[in-house]
Amino acid sequence: MAEVILGLSAYYHDSAAALLINGELVGAIQEERFSRLKHDASFPRRSIDCLLKSNGIKTNEITNVVFYDKPFLKFERILQIAHDVAPWGTSQFIRSMPIWLNEKLFLKSTIRKELSHQHSLRAPVLFCEHHLSHAASAFYPSPFDEAVILTVDGVGEWATASMGVGQGNTIRQLKELHFPHSLGLLYSSFTYFLGFKVNSGEYKLMGLAPYGDTHATETKIFKSRILDHVIDCKADGSIVLNLKYFKYHYGLVMTNDALLEDLLGLRRRKPESALVQQHANLALAVQQITDGVMCQMARHAYAITQCKNLVMAGGVALNCVSNSAIAKQKIFDTIWVQPAAGDAGGAIGAAYAGWYIYQNHTRQSIKPDAMRGCFLGPEFSNDHVKSTLEKLDAVYTFVEKFDELALFTAEKLSLGNIIGWFQGKMEFGPRALGNRSILADPRNIEKQSALNATVKFREDFRPFAPAVLAEDAKQYFVIEGESPYMLFTFPLRGNEAYETQDFDISFSKRQERVNGPIPAATHVDYSARVQTVDEFRNPKFFSLLNAIKQVTGAGIVVNTSFNVRGEPIVCSPEEAYKSFMTTGLDFLVIGNFILEKKRQPDVSFSKMKEWSSCSED
């Protein structure tokens with residue numbers, strides 16, 4: 001009889017479910033993809049239903065359920081902090097207590113109730129510490145028999161960063177940094193100060209930083225004042241924050257705006273207001289400080305373990321600039337980052353912890369890794385796609401041979417068209433990796449602004465990432481090895497010869513002046529968040545890139561997630577079609593079907609059903 005372990009994360013942000021069958025990761029889904037609420041924190045009922053149904057598992061066949069943190073430890077932290085900061089924070093404490101007393105403290109009962117709507121749950125419900133879940137998500141799917149584990153995020157129960165060592169099926173935690181001192185919350189605080197939304201706008205701060213002027217006196221002042229007054233960085237990579245500049249530990253906002261504004265000589269930016277050079281210089285200073293702390297943590301981790309492999313998870317591990325800063329230090333031979341490094345990935349870690357730590361199974365590392373390319377969600381047959389398109393009165397062309405489909409797509413891309421690309425299993429985690437993607441020709445500089453303005457509907461300063469054939473990556477980038485999950489940035493090869501930024505003109509004008517062979521997929525500092533594509537992880541996307549190379553001579557494409565600002569990545573054919581019809585996409589390639597915008601009739605989206613499961617019924 002199969003051993004089935006269900007891992008869960010929920011009730012903070014990015015709730016998700018992951019399924020192991022006999023120790024093999026067979027699926028993982030974020031609840032937001034079904035609910036259509038970005039960063040949905042609710043119990044992942046629909047994700048669980050989809051995973052169980054697609055794998056032929058009933059609730060009463062589950063062996064263990066493992067939740068990704070320990071509610072009682074988190075509640076202890078909330079009580080302790082409320083005591084320490086009283087009377088400040090009283091209103092927040094009173095507001096949060098009903099949720100804790102009615103729901104979160106009785107999570108085991110909640111899980112049993114939620115999972116027993118079809119069959120009774122017989123399995124024990126286990127709880128794994130938050131940072132152990134992150135550590136397990138980083139180590140167990142990695143290709144290493146032994147590795148240093150570095151996890152850095154906002155906060156779990158008490159831990160905000162941890163170092164450990166994974167060997168075989170064991171994880172040994174070595175050191176922890178505790179709340180309220182947190183590199184993740186420092187980064188989120190400045191995300192908030194710069195007018196972006198916490199827990200989703202951190203990418204924007206990272207994307208804004210390259211517009212900063214490294215040599216500007218203002219940037220240096222920002223950095224020195226933060227280091228002198230806000231954060232004390234220790235030799236072992238730990239930090240101590242001057243809490244008078246923050247309110248996240250007791251209030252409903254992140255920063256003490258008055259004190260921080262006085263320190264920096266810069267007012268907190270109101271959301272959606274204009275961005276100016278000062279904001280970019282501050283973002284750059286914060287990014288540089290984050291890079292420095294992460295590198296110091298990595299150096300210390302190596303110093304105390306002497307292990308040459310590093311694995312990483314936690315929300316800060318999604319900062320590809322910091323990841324690259326560590327890689328440049330050459331501290332470790334190899335670095336592997338969990339592609340879903342945030343809280344969603346905690347569901348994977350919880351499941352693996354149940355299998356290896358609780359069940360004590362023997363571990364064999366899998367190369368290149370056990371993540372299946374991160375293609376762990378639902379997929380839809382051509383029959384289902386056809387039925388959907390016919391219900392929507394969509395006009396389509398069916399192409400039986402995939403090679404012909406790929407060649408058609410490549411030709412349309414080369415002519416300047418922007419294409420929605422929907423194939424196979426949906427990705428898990430924040431990155432679209434070639435199955436739920438929007439594609440464009442990176443050689444065409446106009447595509448960067450067109451994508452932001454007419455397709456993604458987002459800020460014009462934000463860059464786009466290239467997907468490139470693994471064997472061709474060195475032709476374009478200064479890169480060693482692979483980067484299959486878009487978790488590292490690399491300089492454009494020969495970037496020294498290209499035009500540098502003019503800091504006296506707007507961000508959009510600077511982006512328009514980017515030159516080189518792939519300007520639409522190159523940031524203003526001539527770096528790019530690269531995805532290398534190989535045949536093993538994604539044969540269809542690999543075939544498409546080969547077709548693009550056949551047509552254009554360059555096996556590279558702009559690859560951004562198939563969604564618009566404020567919405568999750570599309571999951572179903574219905575959602576893909578709606579996005580196609582309401583954005584500036586020219587074509588939609590979904591399964592073996594091609595849809596051209598100018599051929600589509602006017603459509604009423606009232607025909608679209610609410611998508612609540614992965615069923616093809």
# chains A, B, ... in the order shown; residues from 1 in each chain; ligands from 1
$ residues_around --residues "segment 400-417 of chain A" --least-positions-apart "3" --cutoff "8 Å" --atoms "only C-alpha atoms" --output "list in words"
Leu439, Ala440, Asp441, Asn444, Lys447, Ser543, Leu544, Leu545, Ala547, Ile548, Val551, Thr552, Leu585, Asp586, Phe587, Val589 and Asn592 of chain A
$ select_by_dssp --residues "segment 469-609 of chain A" --states "alpha helix (DSSP H)" --output "PyMOL selection string"
chain A and resi 473-476+507-512+539-552+573-582
$ write_last_selection --atoms "N, CA and C atoms" --output "mmCIF file, in the first residue's frame"
data_model
loop_
_atom_site.group_PDB
_atom_site.id
_atom_site.type_symbol
_atom_site.label_atom_id
_atom_site.label_comp_id
_atom_site.auth_asym_id
_atom_site.auth_seq_id
_atom_site.Cartn_x
_atom_site.Cartn_y
_atom_site.Cartn_z
ATOM 1 N N ALA A 473 23.370 29.630 -23.541
ATOM 2 C CA ALA A 473 23.353 30.679 -22.518
ATOM 3 C C ALA A 473 24.650 31.486 -22.498
ATOM 4 N N LYS A 474 25.786 30.823 -22.651
ATOM 5 C CA LYS A 474 27.067 31.529 -22.575
ATOM 6 C C LYS A 474 27.283 32.467 -23.757
ATOM 7 N N GLN A 475 26.503 32.278 -24.821
ATOM 8 C CA GLN A 475 26.599 33.174 -25.960
ATOM 9 C C GLN A 475 26.122 34.577 -25.595
ATOM 10 N N TYR A 476 25.203 34.646 -24.627
ATOM 11 C CA TYR A 476 24.590 35.923 -24.269
ATOM 12 C C TYR A 476 25.005 36.441 -22.893
ATOM 13 N N PHE A 507 12.920 56.804 -15.944
ATOM 14 C CA PHE A 507 13.204 55.377 -15.961
ATOM 15 C C PHE A 507 12.823 54.756 -17.302
ATOM 16 N N SER A 508 11.658 55.118 -17.832
ATOM 17 C CA SER A 508 11.214 54.525 -19.093
ATOM 18 C C SER A 508 12.138 54.917 -20.240
ATOM 19 N N LYS A 509 12.613 56.167 -20.237
ATOM 20 C CA LYS A 509 13.540 56.597 -21.289
ATOM 21 C C LYS A 509 14.857 55.832 -21.188
ATOM 22 N N ARG A 510 15.292 55.552 -19.965
ATOM 23 C CA ARG A 510 16.527 54.778 -19.796
ATOM 24 C C ARG A 510 16.365 53.370 -20.338
ATOM 25 N N GLN A 511 15.196 52.768 -20.044
ATOM 26 C CA GLN A 511 14.958 51.411 -20.524
ATOM 27 C C GLN A 511 14.931 51.391 -22.059
ATOM 28 N N GLU A 512 14.397 52.438 -22.654
ATOM 29 C CA GLU A 512 14.345 52.510 -24.116
ATOM 30 C C GLU A 512 15.731 52.616 -24.738
ATOM 31 N N PRO A 539 10.498 19.454 -22.322
ATOM 32 C CA PRO A 539 10.755 19.156 -23.743
ATOM 33 C C PRO A 539 9.985 20.044 -24.710
ATOM 34 N N LYS A 540 8.754 20.455 -24.381
ATOM 35 C CA LYS A 540 7.992 21.293 -25.306
ATOM 36 C C LYS A 540 8.571 22.702 -25.404
ATOM 37 N N PHE A 541 8.912 23.285 -24.268
ATOM 38 C CA PHE A 541 9.508 24.622 -24.293
ATOM 39 C C PHE A 541 10.876 24.573 -24.960
ATOM 40 N N PHE A 542 11.600 23.495 -24.746
ATOM 41 C CA PHE A 542 12.888 23.276 -25.393
ATOM 42 C C PHE A 542 12.706 23.228 -26.914
ATOM 43 N N SER A 543 11.660 22.525 -27.381
ATOM 44 C CA SER A 543 11.387 22.445 -28.815
ATOM 45 C C SER A 543 11.031 23.814 -29.375
ATOM 46 N N LEU A 544 10.250 24.595 -28.613
ATOM 47 C CA LEU A 544 9.899 25.935 -29.066
ATOM 48 C C LEU A 544 11.142 26.799 -29.228
ATOM 49 N N LEU A 545 12.039 26.756 -28.248
ATOM 50 C CA LEU A 545 13.253 27.572 -28.327
ATOM 51 C C LEU A 545 14.129 27.139 -29.492
ATOM 52 N N ASN A 546 14.150 25.858 -29.791
ATOM 53 C CA ASN A 546 14.897 25.396 -30.966
ATOM 54 C C ASN A 546 14.259 25.907 -32.247
ATOM 55 N N ALA A 547 12.920 25.960 -32.272
ATOM 56 C CA ALA A 547 12.233 26.513 -33.440
ATOM 57 C C ALA A 547 12.524 28.006 -33.580
ATOM 58 N N ILE A 548 12.552 28.722 -32.449
ATOM 59 C CA ILE A 548 12.897 30.150 -32.469
ATOM 60 C C ILE A 548 14.311 30.342 -33.008
ATOM 61 N N LYS A 549 15.212 29.468 -32.601
ATOM 62 C CA LYS A 549 16.597 29.537 -33.080
ATOM 63 C C LYS A 549 16.657 29.273 -34.582
ATOM 64 N N GLN A 550 15.844 28.338 -35.048
ATOM 65 C CA GLN A 550 15.792 28.030 -36.476
ATOM 66 C C GLN A 550 15.319 29.235 -37.287
ATOM 67 N N VAL A 551 14.349 29.979 -36.730
ATOM 68 C CA VAL A 551 13.769 31.110 -37.451
ATOM 69 C C VAL A 551 14.632 32.361 -37.346
ATOM 70 N N THR A 552 15.156 32.638 -36.135
ATOM 71 C CA THR A 552 15.837 33.914 -35.879
ATOM 72 C C THR A 552 17.348 33.790 -35.735
ATOM 73 N N PRO A 573 -7.790 26.726 -18.954
ATOM 74 C CA PRO A 573 -7.986 27.279 -20.303
ATOM 75 C C PRO A 573 -8.932 28.472 -20.314
ATOM 76 N N GLU A 574 -9.972 28.451 -19.487
ATOM 77 C CA GLU A 574 -10.891 29.584 -19.415
ATOM 78 C C GLU A 574 -10.154 30.863 -19.047
ATOM 79 N N GLU A 575 -9.305 30.782 -18.034
ATOM 80 C CA GLU A 575 -8.577 31.965 -17.572
ATOM 81 C C GLU A 575 -7.589 32.444 -18.629
ATOM 82 N N ALA A 576 -6.953 31.497 -19.318
ATOM 83 C CA ALA A 576 -6.020 31.869 -20.385
ATOM 84 C C ALA A 576 -6.747 32.615 -21.493
ATOM 85 N N TYR A 577 -7.928 32.142 -21.866
ATOM 86 C CA TYR A 577 -8.697 32.782 -22.929
ATOM 87 C C TYR A 577 -9.167 34.177 -22.512
ATOM 88 N N LYS A 578 -9.627 34.291 -21.278
ATOM 89 C CA LYS A 578 -10.067 35.606 -20.795
ATOM 90 C C LYS A 578 -8.911 36.598 -20.805
ATOM 91 N N SER A 579 -7.742 36.172 -20.347
ATOM 92 C CA SER A 579 -6.579 37.053 -20.344
ATOM 93 C C SER A 579 -6.183 37.421 -21.774
ATOM 94 N N PHE A 580 -6.248 36.461 -22.673
ATOM 95 C CA PHE A 580 -5.951 36.690 -24.091
ATOM 96 C C PHE A 580 -6.862 37.757 -24.677
ATOM 97 N N MET A 581 -8.136 37.688 -24.342
ATOM 98 C CA MET A 581 -9.120 38.585 -24.933
ATOM 99 C C MET A 581 -9.144 39.978 -24.293
ATOM 100 N N THR A 582 -8.586 40.124 -23.119
ATOM 101 C CA THR A 582 -8.668 41.405 -22.408
ATOM 102 C C THR A 582 -7.318 42.109 -22.289
#
$ closest_residue --among "A:Phe34, A:Phe422, A:Tyr11, A:Phe72" --to "Asp49 of chain A" --atoms "only C-alpha atoms"
A:Phe34
$ residues_around --residues "Glu379 of chain A" --least-positions-apart "6" --cutoff "9 Å" --atoms "only C-alpha atoms" --output "number ranges by chain"
A: 423-426, 571-572, 614
$ closest_residue --among "A:Ile94, A:Ala370, A:Ile226, A:Leu275" --to "Glu261 of chain A" --atoms "only C-alpha atoms"
A:Ile226
$ closest_residue --among "A:Lys244, A:Phe457, A:Pro339, A:Cys295" --to "Glu567 of chain A" --atoms "only C-alpha atoms"
A:Phe457
$ residues_around --residues "Pro271 of chain A" --least-positions-apart "3" --cutoff "10 Å" --atoms "only C-alpha atoms" --output "PyMOL selection string"
chain A and resi 192-197+268+274-275
$ residues_around --residues "Ala235 of chain A" --least-positions-apart "6" --cutoff "10 Å" --atoms "only C-alpha atoms" --output "list in words"
Val293, Gln296, Met297, Arg299 and His300 of chain A
$ residues_around --residues "segment 26-28 of chain A" --least-positions-apart "4" --cutoff "10 Å" --atoms "only C-alpha atoms" --output "ChimeraX atom specification"
/A:6-8,16-22,47-48,50-52,54-55,344-345,347-348,370-372,374-378,425-429
$ closest_atom_pairs --of "segment 125-242 of chain A" --to "segment 528-533 of chain A" --cutoff "12 Å" --atoms "only C-alpha atoms" --output "tab-separated table"
residue	atom	partner	partner_atom	distance
A:Tyr203	CA	A:Arg529	CA	11.9
A:Met206	CA	A:Arg529	CA	11.4
A:Gly207	CA	A:Arg529	CA	10.5
A:Pro210	CA	A:Ala528	CA	11.0
$ write_last_selection --atoms "C-alpha atoms" --output "JSON list (two decimals), in the first residue's frame"
[["chain", "number", "residue", "atom", "x", "y", "z"],
["A", 203, "TYR", "CA", 10.17, 42.20, -6.40],
["A", 206, "MET", "CA", 14.60, 44.59, -6.40],
["A", 207, "GLY", "CA", 13.65, 45.73, -9.91],
["A", 210, "PRO", "CA", 19.34, 48.90, -10.76]]
$ select_by_dssp --residues "segment 213-267 of chain A" --states "strand (DSSP E)" --output "ChimeraX atom specification"
/A:231-233,239-241
$ decode --residues "segment 47-58 of chain A" --atoms "all heavy atoms" --output "short mmCIF file (atom, residue, chain, number, x, y, z; two decimals), in the first residue's frame"
data_model
loop_
_atom_site.label_atom_id
_atom_site.label_comp_id
_atom_site.auth_asym_id
_atom_site.auth_seq_id
_atom_site.Cartn_x
_atom_site.Cartn_y
_atom_site.Cartn_z
N SER A 47 -6.87 23.05 -3.79
CA SER A 47 -5.57 22.49 -4.17
C SER A 47 -5.47 21.04 -3.72
O SER A 47 -4.97 20.17 -4.46
CB SER A 47 -4.44 23.31 -3.54
OG SER A 47 -4.49 24.65 -3.98
N ILE A 48 -5.93 20.77 -2.50
CA ILE A 48 -5.91 19.40 -1.98
C ILE A 48 -6.79 18.50 -2.84
O ILE A 48 -6.39 17.40 -3.24
CB ILE A 48 -6.37 19.38 -0.51
CG1 ILE A 48 -5.38 20.13 0.38
CG2 ILE A 48 -6.54 17.93 -0.03
CD1 ILE A 48 -5.92 20.43 1.76
N ASP A 49 -8.01 18.96 -3.12
CA ASP A 49 -8.93 18.16 -3.93
C ASP A 49 -8.32 17.81 -5.28
O ASP A 49 -8.44 16.68 -5.77
CB ASP A 49 -10.24 18.91 -4.14
CG ASP A 49 -11.10 18.98 -2.87
OD1 ASP A 49 -10.79 18.25 -1.91
OD2 ASP A 49 -12.05 19.77 -2.85
N CYS A 50 -7.68 18.80 -5.89
CA CYS A 50 -7.07 18.58 -7.20
C CYS A 50 -5.95 17.55 -7.12
O CYS A 50 -5.87 16.63 -7.94
CB CYS A 50 -6.53 19.90 -7.75
SG CYS A 50 -5.80 19.76 -9.38
N LEU A 51 -5.08 17.69 -6.13
CA LEU A 51 -3.95 16.75 -5.99
C LEU A 51 -4.44 15.33 -5.73
O LEU A 51 -3.93 14.37 -6.33
CB LEU A 51 -3.05 17.20 -4.84
CG LEU A 51 -2.19 18.44 -5.09
CD1 LEU A 51 -1.48 18.85 -3.80
CD2 LEU A 51 -1.18 18.18 -6.19
N LEU A 52 -5.41 15.18 -4.84
CA LEU A 52 -5.91 13.84 -4.52
C LEU A 52 -6.61 13.22 -5.72
O LEU A 52 -6.37 12.06 -6.06
CB LEU A 52 -6.85 13.90 -3.32
CG LEU A 52 -6.24 14.35 -1.99
CD1 LEU A 52 -7.29 14.31 -0.88
CD2 LEU A 52 -5.04 13.50 -1.61
N LYS A 53 -7.46 14.00 -6.39
CA LYS A 53 -8.21 13.46 -7.53
C LYS A 53 -7.29 13.07 -8.67
O LYS A 53 -7.44 11.99 -9.27
CB LYS A 53 -9.24 14.48 -8.00
CG LYS A 53 -10.09 13.98 -9.15
CD LYS A 53 -11.21 14.95 -9.49
CE LYS A 53 -12.08 14.39 -10.61
NZ LYS A 53 -13.21 15.29 -10.93
N SER A 54 -6.33 13.94 -9.00
CA SER A 54 -5.47 13.65 -10.15
C SER A 54 -4.53 12.48 -9.89
O SER A 54 -3.99 11.90 -10.84
CB SER A 54 -4.66 14.90 -10.52
OG SER A 54 -3.85 15.32 -9.44
N ASN A 55 -4.33 12.12 -8.63
CA ASN A 55 -3.47 10.98 -8.29
C ASN A 55 -4.25 9.78 -7.79
O ASN A 55 -3.66 8.80 -7.33
CB ASN A 55 -2.43 11.41 -7.25
CG ASN A 55 -1.36 12.30 -7.83
OD1 ASN A 55 -0.43 11.84 -8.48
ND2 ASN A 55 -1.51 13.61 -7.63
N GLY A 56 -5.57 9.86 -7.87
CA GLY A 56 -6.40 8.72 -7.50
C GLY A 56 -6.34 8.37 -6.02
O GLY A 56 -6.42 7.19 -5.65
N ILE A 57 -6.22 9.39 -5.18
CA ILE A 57 -6.08 9.18 -3.73
C ILE A 57 -7.34 9.66 -3.03
O ILE A 57 -7.87 10.73 -3.32
CB ILE A 57 -4.86 9.95 -3.18
CG1 ILE A 57 -3.57 9.49 -3.87
CG2 ILE A 57 -4.75 9.77 -1.67
CD1 ILE A 57 -3.17 8.06 -3.58
N LYS A 58 -7.83 8.88 -2.08
CA LYS A 58 -8.94 9.30 -1.22
C LYS A 58 -8.38 9.79 0.11
O LYS A 58 -7.28 9.40 0.52
CB LYS A 58 -9.91 8.14 -1.00
CG LYS A 58 -10.64 7.68 -2.25
CD LYS A 58 -11.61 6.56 -1.91
CE LYS A 58 -12.46 6.18 -3.12
NZ LYS A 58 -11.65 5.67 -4.25
#
